[in-house]
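**Student:** My questions all concern the structure below.
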Amino acid sequence: MFSKKSRSTTALLFSSLILTIGRGATLPFMAIYLSRQYKLPVDDIGIAMSISLTTGIVFSLAFGMLADKFEKKRYMVFSIITFIIAFAAIPMVNSTILVVIFFSIINCSYLVFSTVLKAYFSETLSISAKPKIFSLNYTFINIGWTVGPPIGTLLLMYGTQLPFWLAAISASIPLFMIQCFVQRSVVDHSTEENSVKWDPKIMLKDKALGWFVLSTFFGTLTFGTFASCISQYLLVVYDAKLAESTIAVILPVNAAIVVSLQYIVGKQVVAERLRKLMTLGTLFFILGLAGFMLAGDNLIFWAIAIAIFTLGELIYAPGEYMMIDNIAPLGMKASYFSAQSLGWLGAALNPLASGYILTTLPPISLFAILMGIAVLAWLCMLQGMNYSEKRIAA
């Protein structure tokens with residue numbers, strides 16, 4: 001029989017998977033939806049998507065921080081209800097502005113759920129269990145992003161609005177699972193030394209947090225949207241046919257490695273090994289980017305390079321969560337994870353930065369610059385770890 005804690009953890013992991021499938025079935029096709037339904041030109045679609053993604057990230061910071069003031073199970077339920085309403089609203093409106101607003105709400109509610117989920121795990125799991133569960137969650141998210149787009153493609157054949165209805169309806173399953181199987185997150189703060197009263201000023205004074213957020217920004221700028229970056233590069237240097245063929249190779253390789261190895265690698269990412277493993281992850285990123293530079297039009301080389309690159313992703317994903325978990329005091333876990341989510345603006349910036357580099361500099365320099373950014377992420381991380389260790393020693 002599962003314990004109450006095990007049932008809660010399992011229900012939340014499956015909820016994360018199902019919500020990600022819904023998002024994966026819609027997000028990649030938003031450009032198609034806006035083009036078909038509203039006849040928007042490509043540049044306007046890009047602006048609309050950027051606004052909705054950026055707005056979602058910014059607002060999720062505020063709502064994620066407020067989660068520390070409320071019971072987390074109830075807050076997750078509220079975010080899923082908002083997720084359902086926004087997805088159901090998009091097919092029912094006839095305004096581009098309203099679609100952008102509702103899509104911003106979808107991004108915000110999904111990020112808030114993800115943030116509160118991490119905070120819940122951080123507050124309720126043992127130290128030894130955290131790396132394993134963080135890695136399992138990242139694995140489930142990647143499965144969702146692997147399964148979601150093909151489902152979205154299939155539904156688009158029958159109607160442009162069907163993916164949104166699927167996302168709205170399927171999200172009712174996590175709503176039921178959390179209500180029935182997830183325990184309330186009750187933490188006895190009085191017995192914990194690392195417990196504080198909720199105060200956002202604490203975060204502003206925390207230098208370790210600042211360095212870790214900056215590290216996350218540079219890290220996601222490197223690997224957050226690697227497929228978009230590679231496709232942009234290949235379109236400039238070669239042609240659309242090779243870009244399509246290469247993406248068709250690297251995405252399955254990336255997904256297969258993450259799904260099969262994330263848990264095995266992730267459970268090794270514990271506090272004592274964090275510095276060495278994150279250094280190793282940075283090295284894998286650099287070697288993978290060097291492989292991209294040399295791959296040319298050889299699909300086998302692209303597959304090998306993305307396999308090496310993905311090994312860095314396997315380490316970074318749970319590692320970044322563990323860095324925040326190690327410094328976040330009880331009572332402010334959700335606030336700290338919300339601050340870290342600001343770092344994902346790096347992923348949102350990647351396509352824009354890649355396009356600028358490819359049009360103003362030699363195309364091959366894109367990967368060389370990303371190598372430098374990976375090193376910057378590592379240096380910021382080391383700075384954050386140094387401040388964290390000084391605080392513990394004091």
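To be explicit about the labels: the chains of the structure tokens are called A, B, and onward in the order shown, and within each one the residues are counted from 1, while ligands get numbers from 1 in the order they are shown.
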Counting only C-alpha atoms, which residues in range 119-221 of chain A sit no more than 10 Å from range 270-289 of chain A? For each one, give the nearest pair of atoms and the distance in Å, sorted by chain then residue number, as JSON lines.
**Tutor:**
```
{"residue": "A:Ile127", "atom": "CA", "partner": "A:Val270", "partner_atom": "CA", "distance": 8.6}
{"residue": "A:Ser128", "atom": "CA", "partner": "A:Val270", "partner_atom": "CA", "distance": 7.7}
{"residue": "A:Ala129", "atom": "CA", "partner": "A:Val270", "partner_atom": "CA", "distance": 9.8}
{"residue": "A:Lys130", "atom": "CA", "partner": "A:Val270", "partner_atom": "CA", "distance": 8.6}
{"residue": "A:Pro131", "atom": "CA", "partner": "A:Val270", "partner_atom": "CA", "distance": 6.5}
{"residue": "A:Lys132", "atom": "CA", "partner": "A:Val270", "partner_atom": "CA", "distance": 9.5}
{"residue": "A:Gly219", "atom": "CA", "partner": "A:Thr282", "partner_atom": "CA", "distance": 9.1}
```
**Student:** Can you list, as a PyMOL selection string, every protein, DNA or RNA residue that comes within 12 Å of Leu66 in chain A when you count only C-alpha atoms, leaving out same-chain residues fewer than 3 positions away?
**Tutor:** chain A and resi 59-63+69-72+75+112+115-116+198-200+331-339
**Student:** Could you pull out all residues of range 124-305 of chain A with a DSSP call of helix (DSSP H, G or I) and give them as a count of residues only?
**Tutor:** 144
**Student:** Interatomic distance between CA of Ser16 in chain A and CA of Ile141 in chain A?
**Tutor:** 6.7 Å
**Student:** Select, from A:Leu235, A:Ala243, A:Val99, A:Ile32, the residue with the minimum atom-to-atom distance to Gly159 in chain A, counting only C-alpha atoms.
**Tutor:**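 Of the candidates, the smallest distance to Gly159 in chain A is held by A:Ile32.
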**Student:** Go through A:Ala167, A:Ala347, A:Ile327, A:Ala48 and flag the residue nearest Gly148 in chain A, using only C-alpha atoms for the distances.
**Tutor:**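 So, comparing all the options, the nearest one is A:Ala167.
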**Student:** Rounded to one decimal in Å, what is the spacing between CA of Leu17 in chain A and CA of Ile250 in chain A?
**Tutor:**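 Computing the Euclidean distance for CA of Leu17 in chain A and CA of Ile250 in chain A yields 21.9 Å.
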**Student:** If you take only C-alpha atoms and a cut-off of 8 Å, which residues of range 235-266 of chain A touch range 296-302 of chain A, and what are their nearest atom pairs and distances in Å to one decimal, in chain and number order, as JSON lines?
**Tutor:**
```
{"residue": "A:Leu242", "atom": "CA", "partner": "A:Asp297", "partner_atom": "CA", "distance": 7.2}
{"residue": "A:Ser245", "atom": "CA", "partner": "A:Leu299", "partner_atom": "CA", "distance": 7.9}
{"residue": "A:Thr246", "atom": "CA", "partner": "A:Leu299", "partner_atom": "CA", "distance": 6.2}
{"residue": "A:Val249", "atom": "CA", "partner": "A:Leu299", "partner_atom": "CA", "distance": 7.2}
{"residue": "A:Ile250", "atom": "CA", "partner": "A:Trp302", "partner_atom": "CA", "distance": 6.9}
```
**Student:** Using only C-alpha atoms, which residues sit within 6 Å of range 314-324 of chain A once same-chain residues fewer than 6 positions away are excluded, as a ChimeraX atom specification?
**Tutor:** /A:134-135,262,266,281
**Student:** How far is it from CA of Ile357 in chain A to CA of Ile369 in chain A, in Å with one decimal?
**Tutor:** 9.0 Å
**Student:** Met385 in chain A: which residues within 10 Å, counting only C-alpha atoms, same-chain residues fewer than 5 positions away excluded, as a list of chain:residue names?
**Tutor:**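 So, after excluding close chain neighbours, the residues are A:Lys207, A:Ala208, A:Leu209, A:Trp211, A:Phe212, A:Leu274, A:Arg275, A:Met323, A:Asn326, A:Ile327, A:Leu379, A:Cys380, A:Lys390, A:Arg391.
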**Student:** Can those selected residues be exported to a file as a PDB file, in the first residue's frame so that it contains C-alpha atoms?
**Tutor:**
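Below is the file result-v6.pdb, written as the result:
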```pdb
ATOM      1  CA  LYS A 207      23.185  37.419  -2.904  1.00  0.00           C
ATOM      2  CA  ALA A 208      23.281  33.649  -3.450  1.00  0.00           C
ATOM      3  CA  LEU A 209      19.747  33.766  -4.906  1.00  0.00           C
ATOM      4  CA  TRP A 211      23.674  34.710  -8.603  1.00  0.00           C
ATOM      5  CA  PHE A 212      21.616  31.531  -9.021  1.00  0.00           C
ATOM      6  CA  LEU A 274      26.645  19.707  -6.746  1.00  0.00           C
ATOM      7  CA  ARG A 275      29.745  21.773  -7.542  1.00  0.00           C
ATOM      8  CA  MET A 323      20.685  24.953  -5.594  1.00  0.00           C
ATOM      9  CA  ASN A 326      19.477  24.447  -0.435  1.00  0.00           C
ATOM     10  CA  ILE A 327      19.213  28.209   0.208  1.00  0.00           C
ATOM     11  CA  LEU A 379      30.753  31.197 -13.031  1.00  0.00           C
ATOM     12  CA  CYS A 380      27.537  32.759 -11.680  1.00  0.00           C
ATOM     13  CA  LYS A 390      29.691  31.440   3.653  1.00  0.00           C
ATOM     14  CA  ARG A 391      26.183  31.879   5.047  1.00  0.00           C
TER      15      ARG A 391
END
```
**Student:** Choose the residue, out of A:Leu221, A:Ile133, A:Ile230, A:Leu349, that has the smallest atom-to-atom separation from Ile373 in chain A; count only C-alpha atoms.
**Tutor:**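 Answer, going by the shortest atom-to-atom distance: A:Leu221.
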